[in-house]
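Peer 1: Below is the file coords_9.csv, which contains CSV, C-alpha atoms and all ligand atoms.
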chain,number,residue,atom,x,y,z
A,1,MET,CA,229.8,71.6,121.8
A,2,LYS,CA,232.0,74.6,122.5
A,3,LEU,CA,235.5,73.2,122.8
A,4,VAL,CA,239.1,74.7,123.0
A,5,LEU,CA,242.0,72.5,121.9
A,6,LEU,CA,245.1,73.6,123.9
A,7,GLY,CA,248.7,72.4,123.3
A,8,PRO,CA,252.1,73.4,122.0
A,9,PRO,CA,252.7,73.8,118.3
A,10,GLY,CA,252.8,70.4,116.7
A,11,ALA,CA,250.7,68.7,119.5
A,12,GLY,CA,248.1,67.6,116.9
A,13,LYS,CA,245.4,70.2,117.5
A,14,GLY,CA,244.7,70.8,113.8
A,15,THR,CA,244.7,67.1,113.0
A,16,GLN,CA,242.3,66.3,115.9
A,17,ALA,CA,240.1,69.3,115.2
A,18,LYS,CA,239.5,68.3,111.6
A,19,MET,CA,238.3,64.8,112.8
A,20,LEU,CA,236.1,66.3,115.5
A,21,MET,CA,234.6,68.8,113.1
A,22,GLU,CA,233.4,65.9,110.9
A,23,LYS,CA,232.2,63.8,113.8
A,24,PHE,CA,230.2,66.6,115.4
A,25,ALA,CA,229.4,68.7,112.3
A,26,ILE,CA,230.7,71.9,113.9
A,27,PRO,CA,233.4,74.3,112.5
A,28,GLN,CA,237.1,74.2,113.4
A,29,ILE,CA,238.2,77.8,114.1
A,30,SER,CA,242.0,77.9,113.6
A,31,THR,CA,243.4,81.4,114.2
A,32,GLY,CA,246.6,80.2,112.5
A,33,ASP,CA,244.7,79.2,109.4
A,34,MET,CA,242.8,82.5,109.4
A,35,LEU,CA,246.0,84.5,109.8
A,36,ARG,CA,247.7,82.6,107.0
A,37,ALA,CA,244.7,83.3,104.7
A,38,ALA,CA,245.0,87.0,105.5
A,39,VAL,CA,248.8,86.8,104.7
A,40,LYS,CA,248.0,85.1,101.4
A,41,ASP,CA,245.4,87.7,100.5
A,42,GLY,CA,247.8,90.5,101.3
A,43,THR,CA,245.3,92.3,103.5
A,44,PRO,CA,246.7,95.1,105.8
A,45,MET,CA,246.1,92.8,108.8
A,46,GLY,CA,247.8,90.0,107.1
A,47,ARG,CA,250.9,92.1,106.3
A,48,LYS,CA,251.2,93.1,109.9
A,49,ALA,CA,250.6,89.6,111.2
A,50,LYS,CA,253.3,88.1,108.9
A,51,GLU,CA,256.1,89.9,110.7
A,52,TYR,CA,255.2,88.2,114.0
A,53,MET,CA,254.5,84.8,112.4
A,54,ASP,CA,257.8,84.7,110.5
A,55,ALA,CA,259.6,85.5,113.7
A,56,GLY,CA,257.8,82.7,115.6
A,57,GLY,CA,256.1,85.2,117.9
A,58,LEU,CA,252.5,85.8,118.7
A,59,VAL,CA,250.3,88.2,116.7
A,60,PRO,CA,249.1,91.0,119.1
A,61,ASP,CA,246.1,90.0,121.3
A,62,GLU,CA,243.8,92.8,120.0
A,63,VAL,CA,244.1,91.6,116.4
A,64,VAL,CA,243.5,87.9,117.2
A,65,VAL,CA,240.7,88.6,119.7
A,66,GLY,CA,238.9,90.7,117.1
A,67,ILE,CA,239.1,88.0,114.4
A,68,VAL,CA,237.7,85.3,116.8
A,69,ARG,CA,234.9,87.5,118.1
A,70,ASP,CA,233.7,88.2,114.6
A,71,ARG,CA,234.0,84.5,113.6
A,72,LEU,CA,232.0,83.3,116.6
A,73,LEU,CA,229.1,85.4,115.6
A,74,GLU,CA,228.7,83.7,112.2
A,75,ALA,CA,225.7,81.4,111.7
A,76,ASP,CA,227.7,78.1,111.5
A,77,CYS,CA,228.9,78.6,115.1
A,78,ALA,CA,225.4,78.6,116.5
A,79,SER,CA,225.5,75.0,117.6
A,80,GLY,CA,229.1,74.8,118.6
A,81,PHE,CA,232.7,75.1,117.4
A,82,ILE,CA,236.3,73.9,118.1
A,83,LEU,CA,238.8,76.6,118.8
A,84,ASP,CA,242.2,75.5,117.6
A,85,GLY,CA,245.2,77.7,118.5
A,86,PHE,CA,243.1,80.2,120.4
A,87,PRO,CA,243.4,81.4,123.2
A,88,ARG,CA,247.2,81.5,123.4
A,89,THR,CA,247.6,84.1,126.2
A,90,VAL,CA,245.7,84.8,129.5
A,91,ALA,CA,244.5,88.1,128.0
A,92,GLN,CA,243.0,86.2,125.0
A,93,ALA,CA,241.3,83.7,127.4
A,94,ASP,CA,239.9,86.6,129.4
A,95,ALA,CA,238.6,88.2,126.2
A,96,LEU,CA,237.0,84.8,125.1
A,97,GLN,CA,235.2,84.7,128.5
A,98,VAL,CA,233.8,88.2,127.8
A,99,SER,CA,232.6,87.1,124.3
A,100,PHE,CA,230.9,84.0,125.8
A,101,GLN,CA,229.1,86.2,128.3
A,102,GLU,CA,228.0,88.6,125.5
A,103,MET,CA,226.7,85.7,123.5
A,104,GLY,CA,225.0,84.0,126.6
A,105,LYS,CA,227.1,80.9,126.0
A,106,GLU,CA,229.5,78.9,128.1
A,107,LEU,CA,232.7,77.0,127.2
A,108,ASP,CA,232.1,73.3,127.7
A,109,ARG,CA,235.6,71.8,127.6
A,110,VAL,CA,239.2,72.5,127.1
A,111,ILE,CA,241.3,69.5,126.0
A,112,SER,CA,245.1,69.8,126.6
A,113,LEU,CA,247.2,67.6,124.3
A,114,GLU,CA,250.4,66.7,126.1
A,115,VAL,CA,253.4,66.0,123.9
A,116,ASP,CA,257.2,65.8,124.6
A,117,THR,CA,259.4,68.6,123.2
A,118,ASP,CA,261.5,66.2,121.0
A,119,ALA,CA,258.4,64.7,119.5
A,120,LEU,CA,257.1,68.2,118.7
A,121,VAL,CA,260.2,69.2,116.8
A,122,GLU,CA,260.0,66.0,114.8
A,123,ARG,CA,256.3,66.5,114.0
A,124,LEU,CA,256.8,70.1,113.0
A,125,THR,CA,259.8,69.6,110.8
A,126,GLY,CA,258.0,66.7,109.0
A,127,ARG,CA,254.6,68.5,108.7
A,128,ARG,CA,253.3,69.0,105.2
A,129,THR,CA,250.1,70.8,104.2
A,130,CYS,CA,248.0,70.8,101.0
A,131,SER,CA,248.3,74.1,99.3
A,132,GLU,CA,244.8,73.7,97.8
A,133,CYS,CA,242.6,72.1,100.5
A,134,GLY,CA,244.7,72.6,103.7
A,135,ARG,CA,244.7,68.9,104.6
A,136,GLY,CA,247.6,68.1,106.9
A,137,TYR,CA,250.2,65.2,106.6
A,138,HIS,CA,253.4,64.1,108.1
A,139,VAL,CA,256.2,62.7,106.0
A,140,THR,CA,256.6,59.7,108.5
A,141,PHE,CA,253.6,59.6,110.8
A,142,ASP,CA,250.8,60.4,108.3
A,143,PRO,CA,252.2,60.3,104.7
A,144,SER,CA,250.3,60.9,101.6
A,145,LEU,CA,250.0,58.0,99.1
A,146,GLN,CA,252.2,59.8,96.6
A,147,PRO,CA,255.0,62.0,98.0
A,148,GLY,CA,254.2,65.7,97.6
A,149,THR,CA,250.6,65.2,96.4
A,150,CYS,CA,247.4,65.5,98.4
A,151,ASP,CA,245.4,62.3,98.6
A,152,ALA,CA,242.1,64.3,98.8
A,153,CYS,CA,242.4,66.8,96.0
A,154,GLY,CA,245.8,66.2,94.2
A,155,GLY,CA,247.1,69.6,95.3
A,156,ALA,CA,250.8,70.2,96.0
A,157,LEU,CA,252.0,69.6,99.6
A,158,ILE,CA,254.1,72.4,101.0
A,159,GLN,CA,256.1,73.0,104.2
A,160,ARG,CA,255.1,76.0,106.3
A,161,ASP,CA,257.6,78.9,106.4
A,162,ASP,CA,257.6,78.8,110.2
A,163,ASP,CA,258.2,75.0,110.4
A,164,LYS,CA,262.0,75.5,110.2
A,165,GLU,CA,263.9,74.3,113.2
A,166,GLU,CA,265.1,77.7,114.3
A,167,THR,CA,261.6,79.2,114.2
A,168,ILE,CA,260.2,76.1,115.8
A,169,ARG,CA,262.4,76.5,118.9
A,170,LYS,CA,261.2,80.1,119.2
A,171,ARG,CA,257.6,79.1,118.9
A,172,LEU,CA,258.0,76.4,121.6
A,173,GLN,CA,259.6,78.9,123.9
A,174,VAL,CA,256.7,81.4,123.3
A,175,TYR,CA,254.3,78.5,124.1
A,176,THR,CA,256.0,77.8,127.4
A,177,GLU,CA,256.1,81.5,128.4
A,178,GLN,CA,252.7,82.7,127.2
A,179,THR,CA,250.4,79.8,126.5
A,180,ALA,CA,251.3,77.1,129.1
A,181,PRO,CA,249.8,79.2,131.9
A,182,LEU,CA,246.4,78.5,130.4
A,183,ILE,CA,246.6,74.9,131.6
A,184,SER,CA,246.2,76.1,135.2
A,185,TYR,CA,243.8,78.9,134.1
A,186,TYR,CA,241.4,76.3,132.8
A,187,GLN,CA,242.1,73.8,135.5
A,188,ASP,CA,241.0,76.4,138.0
A,189,ALA,CA,237.8,76.9,135.9
A,190,ASP,CA,237.2,73.1,136.2
A,191,VAL,CA,236.9,72.6,132.4
A,192,LEU,CA,240.3,71.1,131.6
A,193,MET,CA,240.9,67.5,130.4
A,194,LYS,CA,244.4,66.2,129.6
A,195,VAL,CA,245.0,63.7,126.8
A,196,ASP,CA,248.2,61.9,126.0
A,197,GLY,CA,249.1,63.4,122.6
A,198,MET,CA,252.1,61.0,122.3
A,199,LEU,CA,249.8,58.2,121.1
A,200,PRO,CA,249.2,57.6,117.4
A,201,ILE,CA,246.7,59.9,115.8
A,202,THR,CA,243.7,57.4,115.8
A,203,GLN,CA,244.3,56.6,119.5
A,204,VAL,CA,244.4,60.2,120.5
A,205,GLN,CA,241.1,60.6,118.7
A,206,GLU,CA,239.6,57.6,120.5
A,207,LYS,CA,240.7,59.0,123.9
A,208,MET,CA,239.3,62.4,123.1
A,209,LEU,CA,235.9,61.0,122.0
A,210,SER,CA,235.6,58.8,125.0
A,211,LEU,CA,236.4,61.7,127.4
A,212,LEU,CA,233.9,64.0,125.6
A,213,GLN,CA,231.2,61.4,125.5
A,214,ALA,CA,231.7,60.7,129.2
A,215,SER,CA,231.5,64.3,130.3
B,1,LIG,P1,249.1,71.6,115.7
B,1,LIG,O1,247.8,72.0,115.0
B,1,LIG,O2,248.9,71.3,117.2
B,1,LIG,O3,250.3,72.5,115.5
B,1,LIG,P2,249.2,69.4,113.7
B,1,LIG,O4,247.8,68.8,113.9
B,1,LIG,O5,249.4,70.2,112.5
B,1,LIG,O6,249.6,70.2,115.1
B,1,LIG,O7,250.2,68.2,113.8
B,1,LIG,C1,251.6,68.5,113.6
B,1,LIG,C2,252.2,67.4,112.7
B,1,LIG,O8,252.2,66.2,113.5
B,1,LIG,C3,251.5,67.0,111.5
B,1,LIG,O9,252.4,66.7,110.5
B,1,LIG,C4,250.6,65.8,111.9
B,1,LIG,O10,250.4,64.9,110.7
B,1,LIG,C5,251.5,65.1,112.9
B,1,LIG,N1,250.7,64.5,114.0
B,1,LIG,C6,249.6,65.0,114.6
B,1,LIG,N2,249.2,64.1,115.6
B,1,LIG,C7,250.1,63.2,115.6
B,1,LIG,C8,250.3,62.0,116.5
B,1,LIG,N3,249.4,61.7,117.4
B,1,LIG,N4,251.4,61.2,116.2
B,1,LIG,C9,252.3,61.5,115.3
B,1,LIG,N5,252.2,62.6,114.4
B,1,LIG,C10,251.1,63.4,114.6
B,2,LIG,P1,249.4,77.9,114.3
B,2,LIG,O1,248.9,77.6,112.9
B,2,LIG,O2,248.3,77.7,115.3
B,2,LIG,O3,250.7,77.1,114.6
B,2,LIG,O4,249.8,79.4,114.3
B,2,LIG,C1,250.8,79.9,113.4
B,2,LIG,C2,251.2,81.3,113.9
B,2,LIG,O5,250.1,82.2,113.8
B,2,LIG,C3,251.7,81.4,115.4
B,2,LIG,O6,253.0,81.1,115.5
B,2,LIG,C4,251.4,82.9,115.7
B,2,LIG,O7,252.4,83.8,115.1
B,2,LIG,C5,250.1,83.1,114.9
B,2,LIG,N1,248.9,82.8,115.8
B,2,LIG,C6,248.0,81.8,115.6
B,2,LIG,N2,247.1,81.9,116.6
B,2,LIG,C7,247.4,82.9,117.4
B,2,LIG,C8,246.9,83.4,118.6
B,2,LIG,N3,245.8,82.9,119.2
B,2,LIG,N4,247.5,84.5,119.2
B,2,LIG,C9,248.6,85.1,118.6
B,2,LIG,N5,249.2,84.6,117.5
B,2,LIG,C10,248.6,83.5,116.9
Represent the supplied structure as structure tokens.

Peer 2:
Amino acid sequence: MKLVLLGPPGAGKGTQAKMLMEKFAIPQISTGDMLRAAVKDGTPMGRKAKEYMDAGGLVPDEVVVGIVRDRLLEADCASGFILDGFPRTVAQADALQVSFQEMGKELDRVISLEVDTDALVERLTGRRTCSECGRGYHVTFDPSLQPGTCDACGGALIQRDDDKEETIRKRLQVYTEQTAPLISYYQDADVLMKVDGMLPITQVQEKMLSLLQAS
């Protein structure tokens, strides 16, 4: 299955992608995670990307497109993948189409997670991530058993630098201006399915699975 998860920051793309990854045994490809890894490693690309990420803007298309193109050629993507946070602009979606053509593959589905703005802000301000294994939590909606500690590996839970209210507002504005047009882009390509992302995490997952299994 070759799937794109579309939706604003905080919609639940990462949360759902991790569940689908286990269910279908295909990798989650999160450009946000890959960029954060490059920032942590202090690579030249990471240093350049950090400026855009800290400001709540998008990293330039050519940088992100290059990362994804290389990642899709890796062996574990042969039987499918879940793109999470990519594409985020029409130019990225066009570039993805070119990559698919080069690989002789086709995109199966795009799932758009629909969530109200107020809920997004609440989700992003309460998001916590394990600094060791990357597992995501929410202080209210998906808390760890022990505050500040990962249930899976015991690592420390941290708040992302860009999950501060001011940066969140900027990221939501960037989403509306640059990413939301992809909803009609993929509707026109007849691959879009909308899911109510306001439902609790397990119900969103059930809806997604039933749609994917029916299609
Ligand atoms: P995205 O990858 O789209 O930015 P995440 O998957 O990281 O979003 O989710 C953002 C935050 O919201 C996380 O703290 C997560 O635990 C929480 N969350 C995800 N889905 C839901 C949901 N359906 N209801 C409530 N909280 C959710
Ligand atoms: P995310 O983890 O998906 O919320 O992404 C965090 C940040 O990484 C974004 O706010 C952008 O600065 C950057 N980023 C992630 N994916 C992309 C992308 N496809 N295009 C441009 N920038 C991206």

Peer 1: Identify which of the residues A:Ser30, A:Ser144, A:Thr117, A:Thr43 lies closest to Met198 in chain A, counting only C-alpha atoms when measuring atom-to-atom distances.

Peer 2: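 Checking each of A:Ser30, A:Ser144, A:Thr117, A:Thr43 against Met198 in chain A, counting only C-alpha atoms, the winner is A:Thr117.
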
Peer 1: Using only C-alpha atoms and all ligand atoms, find the one residue out of A:Gly134, A:Pro27, A:Pro181, A:Gly104 that sits nearest to ligand LIG 1 (chain B).

Peer 2: A:Gly134

Peer 1: Using only C-alpha atoms, which residues sit within 12 Å of Pro147 in chain A once same-chain residues fewer than 2 positions away are excluded, as a list of chain:residue names?

Peer 2: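 Contacts, in chain order: A:Arg128, A:Thr129, A:Cys130, A:Tyr137, A:His138, A:Val139, A:Thr140, A:Asp142, A:Pro143, A:Ser144, A:Leu145, A:Thr149, A:Cys150, A:Asp151, A:Gly154, A:Gly155, A:Ala156, A:Leu157, A:Ile158.
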
Peer 1: Counting all atoms listed in the file, which residue out of A:Asp190, A:Glu122, A:Asp61, A:Glu206 sits closest to ligand LIG 2 (chain B)?

Peer 2: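 So, comparing all the options, the nearest one is A:Asp61.
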
Peer 1: Between chain A and ligand LIG 2 (chain B), at 10 Å or less, what are the per-residue closest atom pairs and their distances in Å? Count all atoms listed in the file, order by chain and rising residue number, and return it as CSV.

Peer 2:
residue,atom,partner,partner_atom,distance
A:Gly7,CA,B:LIG2,O2,9.6
A:Pro8,CA,B:LIG2,O3,8.4
A:Pro9,CA,B:LIG2,O3,5.3
A:Gly10,CA,B:LIG2,O3,7.3
A:Ala11,CA,B:LIG2,O3,9.7
A:Lys13,CA,B:LIG2,O2,8.3
A:Gly14,CA,B:LIG2,O2,7.9
A:Ser30,CA,B:LIG2,O2,6.5
A:Thr31,CA,B:LIG2,N2,4.4
A:Gly32,CA,B:LIG2,O1,3.5
A:Asp33,CA,B:LIG2,O1,5.7
A:Met34,CA,B:LIG2,C6,8.1
A:Leu35,CA,B:LIG2,O5,6.2
A:Arg36,CA,B:LIG2,O5,7.2
A:Ala49,CA,B:LIG2,O7,7.2
A:Lys50,CA,B:LIG2,O7,7.6
A:Glu51,CA,B:LIG2,O7,8.4
A:Tyr52,CA,B:LIG2,O7,5.3
A:Met53,CA,B:LIG2,O7,3.6
A:Asp54,CA,B:LIG2,O7,7.2
A:Ala55,CA,B:LIG2,O7,7.5
A:Gly56,CA,B:LIG2,O6,5.1
A:Gly57,CA,B:LIG2,O7,4.8
A:Leu58,CA,B:LIG2,N5,3.7
A:Val59,CA,B:LIG2,N5,3.8
A:Pro60,CA,B:LIG2,C9,5.9
A:Asp61,CA,B:LIG2,N4,6.1
A:Glu62,CA,B:LIG2,N4,9.1
A:Val63,CA,B:LIG2,C9,8.2
A:Val64,CA,B:LIG2,N4,5.6
A:Val65,CA,B:LIG2,N3,7.7
A:Ile67,CA,B:LIG2,N3,9.7
A:Val68,CA,B:LIG2,N3,8.8
A:Leu83,CA,B:LIG2,N3,9.4
A:Asp84,CA,B:LIG2,O2,6.9
A:Gly85,CA,B:LIG2,O2,4.5
A:Phe86,CA,B:LIG2,N3,4.0
A:Pro87,CA,B:LIG2,N3,4.9
A:Arg88,CA,B:LIG2,N3,4.6
A:Thr89,CA,B:LIG2,N4,7.0
A:Ala91,CA,B:LIG2,N4,10.0
A:Gln92,CA,B:LIG2,N3,7.2
A:Ala93,CA,B:LIG2,N3,9.4
A:Leu124,CA,B:LIG2,O3,9.4
A:Arg160,CA,B:LIG2,C1,9.2
A:Asp161,CA,B:LIG2,C1,9.8
A:Asp162,CA,B:LIG2,O6,7.4
A:Asp163,CA,B:LIG2,O3,8.8
A:Thr167,CA,B:LIG2,O6,8.9
A:Ile168,CA,B:LIG2,O6,8.8
A:Lys170,CA,B:LIG2,O6,9.1
A:Arg171,CA,B:LIG2,O6,6.1
A:Leu172,CA,B:LIG2,O6,9.2
A:Val174,CA,B:LIG2,O6,8.6
A:Tyr175,CA,B:LIG2,O6,9.1
A:Gln178,CA,B:LIG2,N4,9.7
A:Thr179,CA,B:LIG2,N4,9.2

Peer 1: Hey, what's within 12 Å of Thr202 in chain A if we count all atoms listed in the file and toss same-chain stuff fewer than 3 positions away? As a list in words, please?

Peer 2: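 Listed by chain and then number, they are Gly12, Thr15, Gln16, Met19, Leu20, Phe141, Asp142, Gly197, Met198, Leu199, Gln205, Glu206, Lys207, Met208 and Leu209 of chain A.
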
Peer 1: List the neighbours of Phe100 in chain A out to 12 Å using all atoms listed in the file; skip same-chain residues closer than 4 positions along the sequence, and give me the result as a count of residues only.

Peer 2: 15

Peer 1: Quick one: of A:Gln173, A:Gln28, A:Gln146, A:Ser215, who's nearest to ligand LIG 1 (chain B), counting all atoms listed in the file?

Peer 2: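 When distances to ligand LIG 1 (chain B) are compared using all atoms listed in the file, the smallest one comes from A:Gln28.
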
Peer 1: Kindly give the distance, in Å, that separates CA of Asp196 in chain A and CA of Ile111 in chain A, rounded to a single decimal.

Peer 2: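 Interatomic distance here is 10.3 Å.
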
Peer 1: For ligand LIG 1 (chain B), which residue among A:Ala152, A:Leu192, A:Met103, A:Ala119 is the nearest when counting all atoms listed in the file?

Peer 2: A:Ala119

Peer 1: What does the distance from CA of Glu132 in chain A to CA of Lys164 in chain A come to in Å, to one decimal?

Peer 2: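 Atom-to-atom, CA of Glu132 in chain A to CA of Lys164 in chain A, that is 21.3 Å.
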
Peer 1: Choose the residue, out of A:Val90, A:Cys133, A:Ala180, A:Leu6, that has the smallest atom-to-atom separation from ligand LIG 1 (chain B); count only C-alpha atoms and all ligand atoms.

Peer 2: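 Checking each of A:Val90, A:Cys133, A:Ala180, A:Leu6 against ligand LIG 1 (chain B), counting only C-alpha atoms and all ligand atoms, the winner is A:Leu6.
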
Peer 1: Go ahead and compute the interatomic distance for atom P2 of ligand LIG 1 (chain B) and CA of Arg123 in chain A, in Å to one decimal.

Peer 2: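 Atom-to-atom, atom P2 of ligand LIG 1 (chain B) and CA of Arg123 in chain A are spaced 7.7 Å apart.
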
Peer 1: What's the 6 Å shell around Ile82 in chain A, counting all atoms listed in the file, without same-chain residues fewer than 5 positions away, as an MDAnalysis selection string?

Peer 2: chainID A and resid 3:4 28:29

Peer 1: What would range 171-181 of chain A look like with all heavy atoms in place, written as an mmCIF file, in the coordinates of the input?

Peer 2:
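out01.cif written:
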data_model
loop_
_atom_site.group_PDB
_atom_site.id
_atom_site.type_symbol
_atom_site.label_atom_id
_atom_site.label_comp_id
_atom_site.auth_asym_id
_atom_site.auth_seq_id
_atom_site.Cartn_x
_atom_site.Cartn_y
_atom_site.Cartn_z
ATOM 1 N N ARG A 171 259.018 79.246 118.687
ATOM 2 C CA ARG A 171 257.600 79.100 118.900
ATOM 3 C C ARG A 171 257.333 78.218 120.182
ATOM 4 O O ARG A 171 256.391 78.481 120.938
ATOM 5 C CB ARG A 171 256.926 78.410 117.698
ATOM 6 C CG ARG A 171 256.838 79.382 116.524
ATOM 7 C CD ARG A 171 256.647 78.678 115.199
ATOM 8 N NE ARG A 171 255.430 77.909 115.140
ATOM 9 C CZ ARG A 171 255.264 76.822 114.382
ATOM 10 N NH1 ARG A 171 256.248 76.381 113.634
ATOM 11 N NH2 ARG A 171 254.121 76.205 114.380
ATOM 12 N N LEU A 172 258.206 77.235 120.412
ATOM 13 C CA LEU A 172 258.000 76.400 121.600
ATOM 14 C C LEU A 172 258.330 77.196 122.876
ATOM 15 O O LEU A 172 257.666 77.031 123.901
ATOM 16 C CB LEU A 172 258.927 75.146 121.518
ATOM 17 C CG LEU A 172 258.545 74.164 120.394
ATOM 18 C CD1 LEU A 172 259.537 73.007 120.331
ATOM 19 C CD2 LEU A 172 257.123 73.631 120.588
ATOM 20 N N GLN A 173 259.304 78.084 122.770
ATOM 21 C CA GLN A 173 259.600 78.900 123.900
ATOM 22 C C GLN A 173 258.453 79.906 124.219
ATOM 23 O O GLN A 173 258.057 80.087 125.372
ATOM 24 C CB GLN A 173 260.894 79.748 123.578
ATOM 25 C CG GLN A 173 261.420 80.597 124.695
ATOM 26 C CD GLN A 173 262.428 81.623 124.158
ATOM 27 O OE1 GLN A 173 263.003 81.467 123.084
ATOM 28 N NE2 GLN A 173 262.620 82.685 124.908
ATOM 29 N N VAL A 174 257.891 80.460 123.155
ATOM 30 C CA VAL A 174 256.700 81.400 123.300
ATOM 31 C C VAL A 174 255.568 80.584 123.945
ATOM 32 O O VAL A 174 254.861 81.099 124.822
ATOM 33 C CB VAL A 174 256.328 81.967 121.945
ATOM 34 C CG1 VAL A 174 254.959 82.617 122.005
ATOM 35 C CG2 VAL A 174 257.380 82.960 121.481
ATOM 36 N N TYR A 175 255.402 79.331 123.517
ATOM 37 C CA TYR A 175 254.300 78.500 124.100
ATOM 38 C C TYR A 175 254.532 78.383 125.616
ATOM 39 O O TYR A 175 253.603 78.606 126.397
ATOM 40 C CB TYR A 175 254.288 77.110 123.458
ATOM 41 C CG TYR A 175 253.346 76.210 124.212
ATOM 42 C CD1 TYR A 175 251.974 76.278 124.003
ATOM 43 C CD2 TYR A 175 253.822 75.345 125.205
ATOM 44 C CE1 TYR A 175 251.095 75.502 124.751
ATOM 45 C CE2 TYR A 175 252.945 74.566 125.958
ATOM 46 C CZ TYR A 175 251.588 74.657 125.724
ATOM 47 O OH TYR A 175 250.720 73.901 126.477
ATOM 48 N N THR A 176 255.771 78.022 126.012
ATOM 49 C CA THR A 176 256.000 77.800 127.400
ATOM 50 C C THR A 176 255.774 79.078 128.234
ATOM 51 O O THR A 176 255.161 79.035 129.309
ATOM 52 C CB THR A 176 257.512 77.364 127.626
ATOM 53 O OG1 THR A 176 257.726 76.221 126.810
ATOM 54 C CG2 THR A 176 257.833 77.039 129.068
ATOM 55 N N GLU A 177 256.211 80.204 127.689
ATOM 56 C CA GLU A 177 256.100 81.500 128.400
ATOM 57 C C GLU A 177 254.676 82.015 128.455
ATOM 58 O O GLU A 177 254.210 82.495 129.479
ATOM 59 C CB GLU A 177 257.047 82.502 127.837
ATOM 60 C CG GLU A 177 258.520 82.165 128.099
ATOM 61 C CD GLU A 177 259.480 83.028 127.283
ATOM 62 O OE1 GLU A 177 259.026 83.950 126.566
ATOM 63 O OE2 GLU A 177 260.680 82.757 127.350
ATOM 64 N N GLN A 178 254.001 81.959 127.301
ATOM 65 C CA GLN A 178 252.700 82.700 127.200
ATOM 66 C C GLN A 178 251.485 81.845 127.169
ATOM 67 O O GLN A 178 250.416 82.305 127.552
ATOM 68 C CB GLN A 178 252.775 83.587 125.939
ATOM 69 C CG GLN A 178 253.944 84.577 125.981
ATOM 70 C CD GLN A 178 253.741 85.705 125.002
ATOM 71 O OE1 GLN A 178 252.707 86.370 125.005
ATOM 72 N NE2 GLN A 178 254.718 85.927 124.142
ATOM 73 N N THR A 179 251.612 80.595 126.690
ATOM 74 C CA THR A 179 250.400 79.800 126.500
ATOM 75 C C THR A 179 250.240 78.726 127.620
ATOM 76 O O THR A 179 249.121 78.477 128.080
ATOM 77 C CB THR A 179 250.373 79.120 125.129
ATOM 78 O OG1 THR A 179 250.625 80.119 124.140
ATOM 79 C CG2 THR A 179 249.033 78.468 124.839
ATOM 80 N N ALA A 180 251.367 78.119 128.042
ATOM 81 C CA ALA A 180 251.300 77.100 129.100
ATOM 82 C C ALA A 180 250.526 77.497 130.325
ATOM 83 O O ALA A 180 249.822 76.672 130.937
ATOM 84 C CB ALA A 180 252.656 76.511 129.387
ATOM 85 N N PRO A 181 250.623 78.779 130.743
ATOM 86 C CA PRO A 181 249.800 79.200 131.900
ATOM 87 C C PRO A 181 248.333 78.957 131.798
ATOM 88 O O PRO A 181 247.615 78.911 132.806
ATOM 89 C CB PRO A 181 250.159 80.685 132.066
ATOM 90 C CG PRO A 181 251.511 80.844 131.429
ATOM 91 C CD PRO A 181 251.521 79.863 130.288
#
